[in-house]
Amino acid sequence: MTISAATLAALPQAIGRPYYAEWSNDGGTTWQRCGLVAGSVSITADRTAETRYTASADVVGVSEGRDGVNSIATNVRLRQGVQLPRQDPIWFPAGRYTVTRTRRNRSGSITLELDGLEDDLRSASLPVARTVGPGQAKDLVEDLVAEALPGVPVAWRDGVDASTQVPQIVATDDRWAILSSGTDSTGTNTGIAAALAGELWVDARGVVTVGPVPTLDDPVVWRIGRGLGGALVEPQPEQAREGLANLWVVSGDGGDGSPAVGPAFAWDDDPNSITYAGPDPVGDPLAPQRLGLNGVRLRVQKYASPLLTSYGQALEVAQAKLADSLGVQASLSFTSVCNPALEAGDLVEVETTPGVWERHIIDSLSYTLGAASMSCKTRTSTRRVT
């Protein structure tokens, strides 16, 4: 999220971390504040989870039931601030949630279990099977979202083409599978966002967002050094090859009777990379044998979707999937000063050892509202090792 360079640099000097909560039973048309028990609000943002944001909170000063908080109609939104010396607090959104469970405590507070609005999208299955499209991705996605979440906007980030034409899809019952990434009853990939080489989630503001898959070539949003203002606990790196692929084969399956698209190929073509797939693993698969490249190993993944209607679109998806799966997976866990603007999927540079900086995609982050620190994990980030 947007944060000035001056505020980012001053985070270690913050003299306060104010926060508040609001609740609504009318879909966000009106909001009412409620009290929070200090230290009770824990928030997790996880790029690989079914809902990007989850939280739990103990609230006071509000009743339960139809006219209070309940697990049917209530939405909660959280805000956190940074109080710098001689300045007013700077506020940041910390998620909009649907209440999934309530529990009355002896102290009089109510514990709320909170899931991001993706939970409502997943629950809003299509009542009857129907066809979706053809039409522009923007129109189809926004209509499907509006049916399940009236009044909730959809944002399109740079890197995905909202004007892409989507062919007609036969939708059985799973709204999320059509919107994001899923399969139909035959196992065919159906997600509109995935066909745009992107992903769909609900961001910290409560806005349904379609954006590109994060890569290590994205702009770095934060450099986290060791010592004051940086990593407060020794980073813990790990490596694994789980999910590694150095060759992607992507095609449109022509399931509606149209000609098949592709396949389009994308592979690791860097001879200095330990995940090098060879000079041409598709057209000349014996080249490693002939050239004495005995260390070359292919790890192939395939993806097919009827939503891919051009070779260029298939190639874009192949390149995005390669970027997301290439290289040895680097896992890094660390604790840093709490940056309220940081989101899962952001790219950061971390000083893993003194003087050594590495780029990592934030896989998940968690913090307690009001606390000065946060925990981050990059267990699914990938980087090319040379």
# chains A, B, ... in the order shown; residues from 1 in each chain; ligands from 1
>>> select_by_dssp(residues="stretch 13-190 of chain A", states="strand (DSSP E or B)", output="PyMOL selection string")
chain A and resi 16+19-24+32-36+42-46+53-60+64+69+75-83+90-104+110-116+130-132+135-136+154-156+165-166+169-171+183+189
>>> select_by_dssp(residues="stretch 246-364 of chain A", states="alpha helix (DSSP H)", output="number ranges by chain")
A: 287-291, 311-325
>>> write_last_selection(atoms="N, CA and C atoms", output="PDB file, in the first residue's frame")
ATOM      1  N   ALA A 287      19.883 -31.991 -27.282  1.00  0.00           N
ATOM      2  CA  ALA A 287      21.002 -31.053 -27.241  1.00  0.00           C
ATOM      3  C   ALA A 287      21.861 -31.218 -25.993  1.00  0.00           C
ATOM      4  N   PRO A 288      21.310 -31.384 -24.796  1.00  0.00           N
ATOM      5  CA  PRO A 288      22.183 -31.573 -23.620  1.00  0.00           C
ATOM      6  C   PRO A 288      23.099 -32.791 -23.753  1.00  0.00           C
ATOM      7  N   GLN A 289      22.565 -33.884 -24.324  1.00  0.00           N
ATOM      8  CA  GLN A 289      23.383 -35.086 -24.531  1.00  0.00           C
ATOM      9  C   GLN A 289      24.507 -34.792 -25.517  1.00  0.00           C
ATOM     10  N   ARG A 290      24.183 -34.102 -26.601  1.00  0.00           N
ATOM     11  CA  ARG A 290      25.154 -33.830 -27.651  1.00  0.00           C
ATOM     12  C   ARG A 290      26.212 -32.838 -27.202  1.00  0.00           C
ATOM     13  N   LEU A 291      25.811 -31.872 -26.347  1.00  0.00           N
ATOM     14  CA  LEU A 291      26.711 -30.803 -25.932  1.00  0.00           C
ATOM     15  C   LEU A 291      27.417 -31.097 -24.612  1.00  0.00           C
ATOM     16  N   TYR A 311      -2.488 -17.422 -29.092  1.00  0.00           N
ATOM     17  CA  TYR A 311      -1.155 -17.915 -28.747  1.00  0.00           C
ATOM     18  C   TYR A 311      -0.453 -16.927 -27.812  1.00  0.00           C
ATOM     19  N   GLY A 312      -0.610 -15.639 -28.073  1.00  0.00           N
ATOM     20  CA  GLY A 312       0.025 -14.640 -27.229  1.00  0.00           C
ATOM     21  C   GLY A 312      -0.439 -14.724 -25.788  1.00  0.00           C
ATOM     22  N   GLN A 313      -1.730 -14.966 -25.598  1.00  0.00           N
ATOM     23  CA  GLN A 313      -2.262 -15.101 -24.246  1.00  0.00           C
ATOM     24  C   GLN A 313      -1.686 -16.344 -23.568  1.00  0.00           C
ATOM     25  N   ALA A 314      -1.605 -17.449 -24.322  1.00  0.00           N
ATOM     26  CA  ALA A 314      -1.040 -18.680 -23.764  1.00  0.00           C
ATOM     27  C   ALA A 314       0.430 -18.492 -23.390  1.00  0.00           C
ATOM     28  N   LEU A 315       1.176 -17.774 -24.220  1.00  0.00           N
ATOM     29  CA  LEU A 315       2.590 -17.525 -23.931  1.00  0.00           C
ATOM     30  C   LEU A 315       2.748 -16.663 -22.678  1.00  0.00           C
ATOM     31  N   GLU A 316       1.883 -15.676 -22.521  1.00  0.00           N
ATOM     32  CA  GLU A 316       1.943 -14.810 -21.336  1.00  0.00           C
ATOM     33  C   GLU A 316       1.698 -15.618 -20.067  1.00  0.00           C
ATOM     34  N   VAL A 317       0.736 -16.528 -20.120  1.00  0.00           N
ATOM     35  CA  VAL A 317       0.455 -17.377 -18.963  1.00  0.00           C
ATOM     36  C   VAL A 317       1.642 -18.291 -18.684  1.00  0.00           C
ATOM     37  N   ALA A 318       2.239 -18.859 -19.741  1.00  0.00           N
ATOM     38  CA  ALA A 318       3.395 -19.741 -19.565  1.00  0.00           C
ATOM     39  C   ALA A 318       4.547 -18.996 -18.899  1.00  0.00           C
ATOM     40  N   GLN A 319       4.803 -17.771 -19.334  1.00  0.00           N
ATOM     41  CA  GLN A 319       5.903 -16.992 -18.764  1.00  0.00           C
ATOM     42  C   GLN A 319       5.625 -16.628 -17.307  1.00  0.00           C
ATOM     43  N   ALA A 320       4.363 -16.315 -16.990  1.00  0.00           N
ATOM     44  CA  ALA A 320       4.008 -15.985 -15.611  1.00  0.00           C
ATOM     45  C   ALA A 320       4.173 -17.196 -14.702  1.00  0.00           C
ATOM     46  N   LYS A 321       3.742 -18.354 -15.173  1.00  0.00           N
ATOM     47  CA  LYS A 321       3.863 -19.566 -14.364  1.00  0.00           C
ATOM     48  C   LYS A 321       5.316 -19.971 -14.193  1.00  0.00           C
ATOM     49  N   LEU A 322       6.134 -19.752 -15.225  1.00  0.00           N
ATOM     50  CA  LEU A 322       7.555 -20.045 -15.097  1.00  0.00           C
ATOM     51  C   LEU A 322       8.190 -19.146 -14.039  1.00  0.00           C
ATOM     52  N   ALA A 323       7.858 -17.858 -14.083  1.00  0.00           N
ATOM     53  CA  ALA A 323       8.426 -16.922 -13.108  1.00  0.00           C
ATOM     54  C   ALA A 323       8.031 -17.290 -11.686  1.00  0.00           C
ATOM     55  N   ASP A 324       6.847 -17.869 -11.530  1.00  0.00           N
ATOM     56  CA  ASP A 324       6.341 -18.197 -10.189  1.00  0.00           C
ATOM     57  C   ASP A 324       6.864 -19.535  -9.685  1.00  0.00           C
ATOM     58  N   SER A 325       7.450 -20.337 -10.556  1.00  0.00           N
ATOM     59  CA  SER A 325       7.832 -21.695 -10.139  1.00  0.00           C
ATOM     60  C   SER A 325       9.286 -22.025 -10.412  1.00  0.00           C
TER      61      SER A 325
END
>>> closest_residue(among="A:Ser333, A:Thr215, A:Thr7, A:Ser123", to="A:Gln87", atoms="only C-alpha atoms")
A:Thr7
>>> closest_residue(among="A:Glu118, A:Ile274, A:Gly211, A:Gly206", to="A:Arg157", atoms="only C-alpha atoms")
A:Gly211
>>> residues_around(residues="stretch 73-76 of chain A", least_positions_apart="6", cutoff="9 Å", atoms="only C-alpha atoms", output="list in words")
Ala21, Glu22, Trp23, Ser24, Asn25, Asp26, Gly27, Gly28, Trp31, Arg66, Gly95, Arg96, Tyr97, Thr98, Val99, Thr100, Leu114 and Leu117 of chain A
>>> closest_residue(among="A:Gln301, A:Val128, A:Asp363, A:Asp173", to="A:Leu342", atoms="only C-alpha atoms")
A:Asp363
>>> closest_residue(among="A:Pro279, A:Pro212, A:Gly225, A:Pro306", to="A:Val250", atoms="only C-alpha atoms")
A:Pro306
>>> closest_residue(among="A:Leu369, A:Ala171, A:Val249, A:Val207", to="A:Ser40", atoms="only C-alpha atoms")
A:Leu369
>>> residues_around(residues="A:Ala94", least_positions_apart="4", cutoff="7 Å", atoms="only C-alpha atoms", output="JSON, numbers by chain")
{"A": [78, 79, 80, 204]}
>>> residues_around(residues="A:Val261", least_positions_apart="5", cutoff="8 Å", atoms="only C-alpha atoms", output="list of chain:residue names")
A:Ser251, A:Gly252, A:Asp253, A:Gly254, A:Leu308, A:Thr309, A:Ser310, A:Tyr311, A:Ala314
>>> write_last_selection(atoms="C-alpha atoms", output="CSV table (one decimal), in the first residue's frame")
chain,number,residue,atom,x,y,z
A,251,SER,CA,-2.5,-24.4,-24.3
A,252,GLY,CA,-6.2,-23.5,-24.9
A,253,ASP,CA,-8.0,-26.8,-25.1
A,254,GLY,CA,-10.6,-25.8,-27.7
A,308,LEU,CA,-7.0,-19.0,-23.6
A,309,THR,CA,-8.0,-17.9,-27.1
A,310,SER,CA,-4.7,-16.7,-28.6
A,311,TYR,CA,-1.2,-17.9,-28.7
A,314,ALA,CA,-1.0,-18.7,-23.8
>>> closest_residue(among="A:Pro18, A:Pro127, A:Gly151, A:Gly159", to="A:Thr172", atoms="only C-alpha atoms")
A:Pro127
>>> atom_distance(atom1="atom CA of A:Ser56", atom2="atom CA of A:Asn105")
13.8 Å
>>> atom_distance(atom1="atom CA of A:Arg299", atom2="atom CA of A:Pro281")
10.7 Å
>>> residues_around(residues="A:Ser107", least_positions_apart="5", cutoff="12 Å", atoms="only C-alpha atoms", output="list in words")
Val37, Asp58, Val59, Val60 and Gly61 of chain A
>>> residues_around(residues="A:Glu349", least_positions_apart="5", cutoff="12 Å", atoms="only C-alpha atoms", output="PDB file with all heavy atoms, in the first residue's frame")
ATOM      1  N   LEU A 216      10.131 -11.923  -8.865  1.00  0.00           N
ATOM      2  CA  LEU A 216      11.310 -11.277  -8.314  1.00  0.00           C
ATOM      3  C   LEU A 216      11.781 -10.097  -9.151  1.00  0.00           C
ATOM      4  O   LEU A 216      12.732  -9.413  -8.780  1.00  0.00           O
ATOM      5  CB  LEU A 216      12.440 -12.302  -8.168  1.00  0.00           C
ATOM      6  CG  LEU A 216      12.167 -13.424  -7.171  1.00  0.00           C
ATOM      7  CD1 LEU A 216      13.338 -14.401  -7.147  1.00  0.00           C
ATOM      8  CD2 LEU A 216      11.912 -12.875  -5.783  1.00  0.00           C
ATOM      9  N   ASP A 217      11.120  -9.839 -10.272  1.00  0.00           N
ATOM     10  CA  ASP A 217      11.436  -8.672 -11.089  1.00  0.00           C
ATOM     11  C   ASP A 217      10.563  -7.475 -10.740  1.00  0.00           C
ATOM     12  O   ASP A 217      10.725  -6.398 -11.324  1.00  0.00           O
ATOM     13  CB  ASP A 217      11.279  -9.001 -12.579  1.00  0.00           C
ATOM     14  CG  ASP A 217      12.290 -10.034 -13.055  1.00  0.00           C
ATOM     15  OD1 ASP A 217      13.431  -9.997 -12.559  1.00  0.00           O
ATOM     16  OD2 ASP A 217      11.928 -10.878 -13.900  1.00  0.00           O
ATOM     17  N   ASP A 218       9.616  -7.641  -9.808  1.00  0.00           N
ATOM     18  CA  ASP A 218       8.760  -6.532  -9.400  1.00  0.00           C
ATOM     19  C   ASP A 218       9.577  -5.473  -8.651  1.00  0.00           C
ATOM     20  O   ASP A 218      10.676  -5.748  -8.159  1.00  0.00           O
ATOM     21  CB  ASP A 218       7.632  -7.044  -8.492  1.00  0.00           C
ATOM     22  CG  ASP A 218       6.636  -7.922  -9.234  1.00  0.00           C
ATOM     23  OD1 ASP A 218       6.624  -7.878 -10.480  1.00  0.00           O
ATOM     24  OD2 ASP A 218       5.880  -8.646  -8.564  1.00  0.00           O
ATOM     25  N   PRO A 219       9.041  -4.253  -8.543  1.00  0.00           N
ATOM     26  CA  PRO A 219       9.748  -3.214  -7.772  1.00  0.00           C
ATOM     27  C   PRO A 219       9.844  -3.606  -6.288  1.00  0.00           C
ATOM     28  O   PRO A 219       8.902  -4.139  -5.707  1.00  0.00           O
ATOM     29  CB  PRO A 219       8.871  -1.973  -7.948  1.00  0.00           C
ATOM     30  CG  PRO A 219       8.035  -2.247  -9.161  1.00  0.00           C
ATOM     31  CD  PRO A 219       7.827  -3.724  -9.203  1.00  0.00           C
ATOM     32  N   VAL A 220      10.986  -3.355  -5.693  1.00  0.00           N
ATOM     33  CA  VAL A 220      11.181  -3.597  -4.266  1.00  0.00           C
ATOM     34  C   VAL A 220      10.457  -2.507  -3.479  1.00  0.00           C
ATOM     35  O   VAL A 220      10.680  -1.312  -3.714  1.00  0.00           O
ATOM     36  CB  VAL A 220      12.679  -3.618  -3.908  1.00  0.00           C
ATOM     37  CG1 VAL A 220      12.878  -3.695  -2.400  1.00  0.00           C
ATOM     38  CG2 VAL A 220      13.363  -4.782  -4.601  1.00  0.00           C
ATOM     39  N   VAL A 221       9.592  -2.900  -2.545  1.00  0.00           N
ATOM     40  CA  VAL A 221       8.832  -1.918  -1.781  1.00  0.00           C
ATOM     41  C   VAL A 221       9.471  -1.585  -0.439  1.00  0.00           C
ATOM     42  O   VAL A 221       9.126  -0.585   0.187  1.00  0.00           O
ATOM     43  CB  VAL A 221       7.379  -2.400  -1.550  1.00  0.00           C
ATOM     44  CG1 VAL A 221       6.693  -2.682  -2.877  1.00  0.00           C
ATOM     45  CG2 VAL A 221       7.331  -3.630  -0.649  1.00  0.00           C
ATOM     46  N   TRP A 222      10.414  -2.419   0.018  1.00  0.00           N
ATOM     47  CA  TRP A 222      10.995  -2.194   1.347  1.00  0.00           C
ATOM     48  C   TRP A 222      12.321  -2.931   1.439  1.00  0.00           C
ATOM     49  O   TRP A 222      12.421  -4.091   1.043  1.00  0.00           O
ATOM     50  CB  TRP A 222      10.035  -2.704   2.417  1.00  0.00           C
ATOM     51  CG  TRP A 222      10.307  -2.255   3.813  1.00  0.00           C
ATOM     52  CD1 TRP A 222      10.981  -1.136   4.211  1.00  0.00           C
ATOM     53  CD2 TRP A 222       9.892  -2.913   5.019  1.00  0.00           C
ATOM     54  NE1 TRP A 222      11.001  -1.039   5.569  1.00  0.00           N
ATOM     55  CE2 TRP A 222      10.342  -2.115   6.099  1.00  0.00           C
ATOM     56  CE3 TRP A 222       9.182  -4.078   5.295  1.00  0.00           C
ATOM     57  CZ2 TRP A 222      10.112  -2.461   7.426  1.00  0.00           C
ATOM     58  CZ3 TRP A 222       8.948  -4.425   6.615  1.00  0.00           C
ATOM     59  CH2 TRP A 222       9.403  -3.617   7.658  1.00  0.00           C
ATOM     60  N   ARG A 223      13.355  -2.252   1.962  1.00  0.00           N
ATOM     61  CA  ARG A 223      14.638  -2.886   2.254  1.00  0.00           C
ATOM     62  C   ARG A 223      14.744  -3.038   3.763  1.00  0.00           C
ATOM     63  O   ARG A 223      14.662  -2.062   4.515  1.00  0.00           O
ATOM     64  CB  ARG A 223      15.807  -2.064   1.707  1.00  0.00           C
ATOM     65  CG  ARG A 223      15.785  -1.875   0.207  1.00  0.00           C
ATOM     66  CD  ARG A 223      17.066  -1.203  -0.276  1.00  0.00           C
ATOM     67  NE  ARG A 223      18.136  -2.177  -0.465  1.00  0.00           N
ATOM     68  CZ  ARG A 223      19.346  -2.059   0.041  1.00  0.00           C
ATOM     69  NH1 ARG A 223      19.635  -1.049   0.862  1.00  0.00           N
ATOM     70  NH2 ARG A 223      20.281  -2.969  -0.187  1.00  0.00           N
ATOM     71  N   ILE A 224      14.911  -4.278   4.218  1.00  0.00           N
ATOM     72  CA  ILE A 224      14.881  -4.581   5.636  1.00  0.00           C
ATOM     73  C   ILE A 224      16.282  -4.977   6.070  1.00  0.00           C
ATOM     74  O   ILE A 224      16.747  -6.092   5.810  1.00  0.00           O
ATOM     75  CB  ILE A 224      13.881  -5.717   5.943  1.00  0.00           C
ATOM     76  CG1 ILE A 224      12.534  -5.428   5.284  1.00  0.00           C
ATOM     77  CG2 ILE A 224      13.702  -5.889   7.440  1.00  0.00           C
ATOM     78  CD1 ILE A 224      11.584  -6.603   5.305  1.00  0.00           C
ATOM     79  N   GLY A 225      16.960  -4.039   6.706  1.00  0.00           N
ATOM     80  CA  GLY A 225      18.318  -4.292   7.150  1.00  0.00           C
ATOM     81  C   GLY A 225      18.364  -4.842   8.563  1.00  0.00           C
ATOM     82  O   GLY A 225      17.374  -4.854   9.289  1.00  0.00           O
ATOM     83  N   ARG A 226      19.519  -5.278   8.962  1.00  0.00           N
ATOM     84  CA  ARG A 226      19.693  -5.811  10.304  1.00  0.00           C
ATOM     85  C   ARG A 226      19.888  -4.666  11.292  1.00  0.00           C
ATOM     86  O   ARG A 226      20.329  -3.587  10.933  1.00  0.00           O
ATOM     87  CB  ARG A 226      20.891  -6.765  10.342  1.00  0.00           C
ATOM     88  CG  ARG A 226      20.752  -7.901   9.345  1.00  0.00           C
ATOM     89  CD  ARG A 226      22.053  -8.652   9.188  1.00  0.00           C
ATOM     90  NE  ARG A 226      22.281  -9.598  10.271  1.00  0.00           N
ATOM     91  CZ  ARG A 226      21.815 -10.839  10.304  1.00  0.00           C
ATOM     92  NH1 ARG A 226      21.064 -11.275   9.310  1.00  0.00           N
ATOM     93  NH2 ARG A 226      22.092 -11.653  11.300  1.00  0.00           N
ATOM     94  N   GLY A 230      15.322  -2.777  11.282  1.00  0.00           N
ATOM     95  CA  GLY A 230      15.333  -3.868  10.317  1.00  0.00           C
ATOM     96  C   GLY A 230      14.885  -5.150  10.947  1.00  0.00           C
ATOM     97  O   GLY A 230      13.981  -5.190  11.770  1.00  0.00           O
ATOM     98  N   ALA A 231      15.505  -6.241  10.563  1.00  0.00           N
ATOM     99  CA  ALA A 231      15.137  -7.540  11.109  1.00  0.00           C
ATOM    100  C   ALA A 231      15.548  -7.602  12.571  1.00  0.00           C
ATOM    101  O   ALA A 231      16.709  -7.391  12.910  1.00  0.00           O
ATOM    102  CB  ALA A 231      15.815  -8.652  10.313  1.00  0.00           C
ATOM    103  N   LEU A 332      12.255 -18.013   4.074  1.00  0.00           N
ATOM    104  CA  LEU A 332      12.889 -17.111   5.022  1.00  0.00           C
ATOM    105  C   LEU A 332      11.848 -16.634   6.017  1.00  0.00           C
ATOM    106  O   LEU A 332      10.772 -16.177   5.628  1.00  0.00           O
ATOM    107  CB  LEU A 332      13.495 -15.911   4.296  1.00  0.00           C
ATOM    108  CG  LEU A 332      14.348 -14.955   5.128  1.00  0.00           C
ATOM    109  CD1 LEU A 332      15.624 -15.652   5.578  1.00  0.00           C
ATOM    110  CD2 LEU A 332      14.674 -13.712   4.316  1.00  0.00           C
ATOM    111  N   GLY A 355      25.742  -7.593   5.193  1.00  0.00           N
ATOM    112  CA  GLY A 355      26.213  -7.174   3.888  1.00  0.00           C
ATOM    113  C   GLY A 355      25.653  -7.945   2.719  1.00  0.00           C
ATOM    114  O   GLY A 355      25.944  -7.613   1.570  1.00  0.00           O
ATOM    115  N   VAL A 356      24.841  -8.990   2.969  1.00  0.00           N
ATOM    116  CA  VAL A 356      24.268  -9.808   1.898  1.00  0.00           C
ATOM    117  C   VAL A 356      22.761  -9.538   1.829  1.00  0.00           C
ATOM    118  O   VAL A 356      22.035  -9.782   2.806  1.00  0.00           O
ATOM    119  CB  VAL A 356      24.524 -11.313   2.128  1.00  0.00           C
ATOM    120  CG1 VAL A 356      23.849 -12.138   1.037  1.00  0.00           C
ATOM    121  CG2 VAL A 356      26.020 -11.587   2.161  1.00  0.00           C
ATOM    122  N   TRP A 357      22.309  -9.046   0.681  1.00  0.00           N
ATOM    123  CA  TRP A 357      20.894  -8.698   0.490  1.00  0.00           C
ATOM    124  C   TRP A 357      20.275  -9.646  -0.529  1.00  0.00           C
ATOM    125  O   TRP A 357      20.873  -9.936  -1.559  1.00  0.00           O
ATOM    126  CB  TRP A 357      20.765  -7.256   0.008  1.00  0.00           C
ATOM    127  CG  TRP A 357      21.199  -6.245   1.014  1.00  0.00           C
ATOM    128  CD1 TRP A 357      22.491  -5.850   1.280  1.00  0.00           C
ATOM    129  CD2 TRP A 357      20.366  -5.510   1.898  1.00  0.00           C
ATOM    130  NE1 TRP A 357      22.500  -4.916   2.281  1.00  0.00           N
ATOM    131  CE2 TRP A 357      21.212  -4.673   2.679  1.00  0.00           C
ATOM    132  CE3 TRP A 357      18.982  -5.460   2.100  1.00  0.00           C
ATOM    133  CZ2 TRP A 357      20.707  -3.813   3.645  1.00  0.00           C
ATOM    134  CZ3 TRP A 357      18.492  -4.593   3.066  1.00  0.00           C
ATOM    135  CH2 TRP A 357      19.340  -3.794   3.830  1.00  0.00           C
ATOM    136  N   GLU A 358      19.071 -10.114  -0.221  1.00  0.00           N
ATOM    137  CA  GLU A 358      18.345 -11.005  -1.130  1.00  0.00           C
ATOM    138  C   GLU A 358      16.928 -10.490  -1.338  1.00  0.00           C
ATOM    139  O   GLU A 358      16.315  -9.933  -0.414  1.00  0.00           O
ATOM    140  CB  GLU A 358      18.270 -12.423  -0.558  1.00  0.00           C
ATOM    141  CG  GLU A 358      19.595 -13.125  -0.461  1.00  0.00           C
ATOM    142  CD  GLU A 358      19.454 -14.532   0.105  1.00  0.00           C
ATOM    143  OE1 GLU A 358      18.335 -14.892   0.549  1.00  0.00           O
ATOM    144  OE2 GLU A 358      20.450 -15.262   0.099  1.00  0.00           O
ATOM    145  N   ARG A 359      16.433 -10.702  -2.552  1.00  0.00           N
ATOM    146  CA  ARG A 359      15.037 -10.358  -2.863  1.00  0.00           C
ATOM    147  C   ARG A 359      14.127 -11.517  -2.487  1.00  0.00           C
ATOM    148  O   ARG A 359      14.421 -12.666  -2.788  1.00  0.00           O
ATOM    149  CB  ARG A 359      14.877 -10.048  -4.345  1.00  0.00           C
ATOM    150  CG  ARG A 359      15.509  -8.745  -4.782  1.00  0.00           C
ATOM    151  CD  ARG A 359      15.137  -8.419  -6.213  1.00  0.00           C
ATOM    152  NE  ARG A 359      15.507  -7.064  -6.562  1.00  0.00           N
ATOM    153  CZ  ARG A 359      14.955  -6.370  -7.557  1.00  0.00           C
ATOM    154  NH1 ARG A 359      14.007  -6.930  -8.299  1.00  0.00           N
ATOM    155  NH2 ARG A 359      15.339  -5.137  -7.805  1.00  0.00           N
ATOM    156  N   HIS A 360      13.028 -11.190  -1.836  1.00  0.00           N
ATOM    157  CA  HIS A 360      12.058 -12.213  -1.441  1.00  0.00           C
ATOM    158  C   HIS A 360      10.644 -11.689  -1.631  1.00  0.00           C
ATOM    159  O   HIS A 360      10.359 -10.514  -1.363  1.00  0.00           O
ATOM    160  CB  HIS A 360      12.243 -12.608   0.024  1.00  0.00           C
ATOM    161  CG  HIS A 360      13.413 -13.505   0.271  1.00  0.00           C
ATOM    162  ND1 HIS A 360      13.299 -14.865   0.320  1.00  0.00           N
ATOM    163  CD2 HIS A 360      14.725 -13.229   0.459  1.00  0.00           C
ATOM    164  CE1 HIS A 360      14.485 -15.400   0.537  1.00  0.00           C
ATOM    165  NE2 HIS A 360      15.371 -14.425   0.619  1.00  0.00           N
ATOM    166  N   ILE A 361       9.753 -12.576  -2.083  1.00  0.00           N
ATOM    167  CA  ILE A 361       8.330 -12.263  -2.155  1.00  0.00           C
ATOM    168  C   ILE A 361       7.696 -12.626  -0.815  1.00  0.00           C
ATOM    169  O   ILE A 361       7.869 -13.738  -0.326  1.00  0.00           O
ATOM    170  CB  ILE A 361       7.655 -13.045  -3.300  1.00  0.00           C
ATOM    171  CG1 ILE A 361       8.252 -12.646  -4.650  1.00  0.00           C
ATOM    172  CG2 ILE A 361       6.151 -12.799  -3.292  1.00  0.00           C
ATOM    173  CD1 ILE A 361       7.836 -13.548  -5.792  1.00  0.00           C
ATOM    174  N   ILE A 362       6.985 -11.684  -0.236  1.00  0.00           N
ATOM    175  CA  ILE A 362       6.312 -11.951   1.037  1.00  0.00           C
ATOM    176  C   ILE A 362       5.183 -12.952   0.803  1.00  0.00           C
ATOM    177  O   ILE A 362       4.243 -12.684   0.055  1.00  0.00           O
ATOM    178  CB  ILE A 362       5.745 -10.661   1.648  1.00  0.00           C
ATOM    179  CG1 ILE A 362       6.872  -9.700   2.018  1.00  0.00           C
ATOM    180  CG2 ILE A 362       4.899 -10.984   2.879  1.00  0.00           C
ATOM    181  CD1 ILE A 362       7.768 -10.185   3.123  1.00  0.00           C
ATOM    182  N   THR A 378       8.549 -16.134   3.823  1.00  0.00           N
ATOM    183  CA  THR A 378       8.632 -16.155   2.367  1.00  0.00           C
ATOM    184  C   THR A 378       8.788 -17.593   1.894  1.00  0.00           C
ATOM    185  O   THR A 378       9.562 -17.889   1.012  1.00  0.00           O
ATOM    186  CB  THR A 378       9.810 -15.300   1.867  1.00  0.00           C
ATOM    187  OG1 THR A 378      11.028 -15.861   2.360  1.00  0.00           O
ATOM    188  CG2 THR A 378       9.689 -13.871   2.312  1.00  0.00           C
TER     189      THR A 378
END
>>> decode(residues="stretch 284-295 of chain A", atoms="N, CA and C atoms", output="mmCIF file, in the first residue's frame")
data_model
loop_
_atom_site.group_PDB
_atom_site.id
_atom_site.type_symbol
_atom_site.label_atom_id
_atom_site.label_comp_id
_atom_site.auth_asym_id
_atom_site.auth_seq_id
_atom_site.Cartn_x
_atom_site.Cartn_y
_atom_site.Cartn_z
ATOM 1 N N ASP A 284 14.751 -29.433 -29.668
ATOM 2 C CA ASP A 284 16.009 -30.180 -29.734
ATOM 3 C C ASP A 284 16.293 -30.825 -28.374
ATOM 4 N N PRO A 285 15.484 -31.800 -27.971
ATOM 5 C CA PRO A 285 15.624 -32.368 -26.624
ATOM 6 C C PRO A 285 16.930 -33.121 -26.404
ATOM 7 N N LEU A 286 17.644 -33.514 -27.474
ATOM 8 C CA LEU A 286 18.909 -34.228 -27.313
ATOM 9 C C LEU A 286 20.111 -33.295 -27.221
ATOM 10 N N ALA A 287 19.883 -31.991 -27.282
ATOM 11 C CA ALA A 287 21.002 -31.053 -27.241
ATOM 12 C C ALA A 287 21.861 -31.218 -25.993
ATOM 13 N N PRO A 288 21.310 -31.384 -24.796
ATOM 14 C CA PRO A 288 22.183 -31.573 -23.620
ATOM 15 C C PRO A 288 23.099 -32.791 -23.753
ATOM 16 N N GLN A 289 22.565 -33.884 -24.324
ATOM 17 C CA GLN A 289 23.383 -35.086 -24.531
ATOM 18 C C GLN A 289 24.507 -34.792 -25.517
ATOM 19 N N ARG A 290 24.183 -34.102 -26.601
ATOM 20 C CA ARG A 290 25.154 -33.830 -27.651
ATOM 21 C C ARG A 290 26.212 -32.838 -27.202
ATOM 22 N N LEU A 291 25.811 -31.872 -26.347
ATOM 23 C CA LEU A 291 26.711 -30.803 -25.932
ATOM 24 C C LEU A 291 27.417 -31.097 -24.612
ATOM 25 N N GLY A 292 27.145 -32.257 -24.038
ATOM 26 C CA GLY A 292 27.787 -32.617 -22.781
ATOM 27 C C GLY A 292 27.240 -31.879 -21.574
ATOM 28 N N LEU A 293 25.987 -31.445 -21.659
ATOM 29 C CA LEU A 293 25.356 -30.731 -20.533
ATOM 30 C C LEU A 293 24.687 -31.757 -19.622
ATOM 31 N N ASN A 294 25.517 -32.529 -18.930
ATOM 32 C CA ASN A 294 24.995 -33.666 -18.176
ATOM 33 C C ASN A 294 24.205 -33.275 -16.937
ATOM 34 N N GLY A 295 24.292 -32.015 -16.518
ATOM 35 C CA GLY A 295 23.555 -31.589 -15.332
ATOM 36 C C GLY A 295 22.154 -31.086 -15.614
#
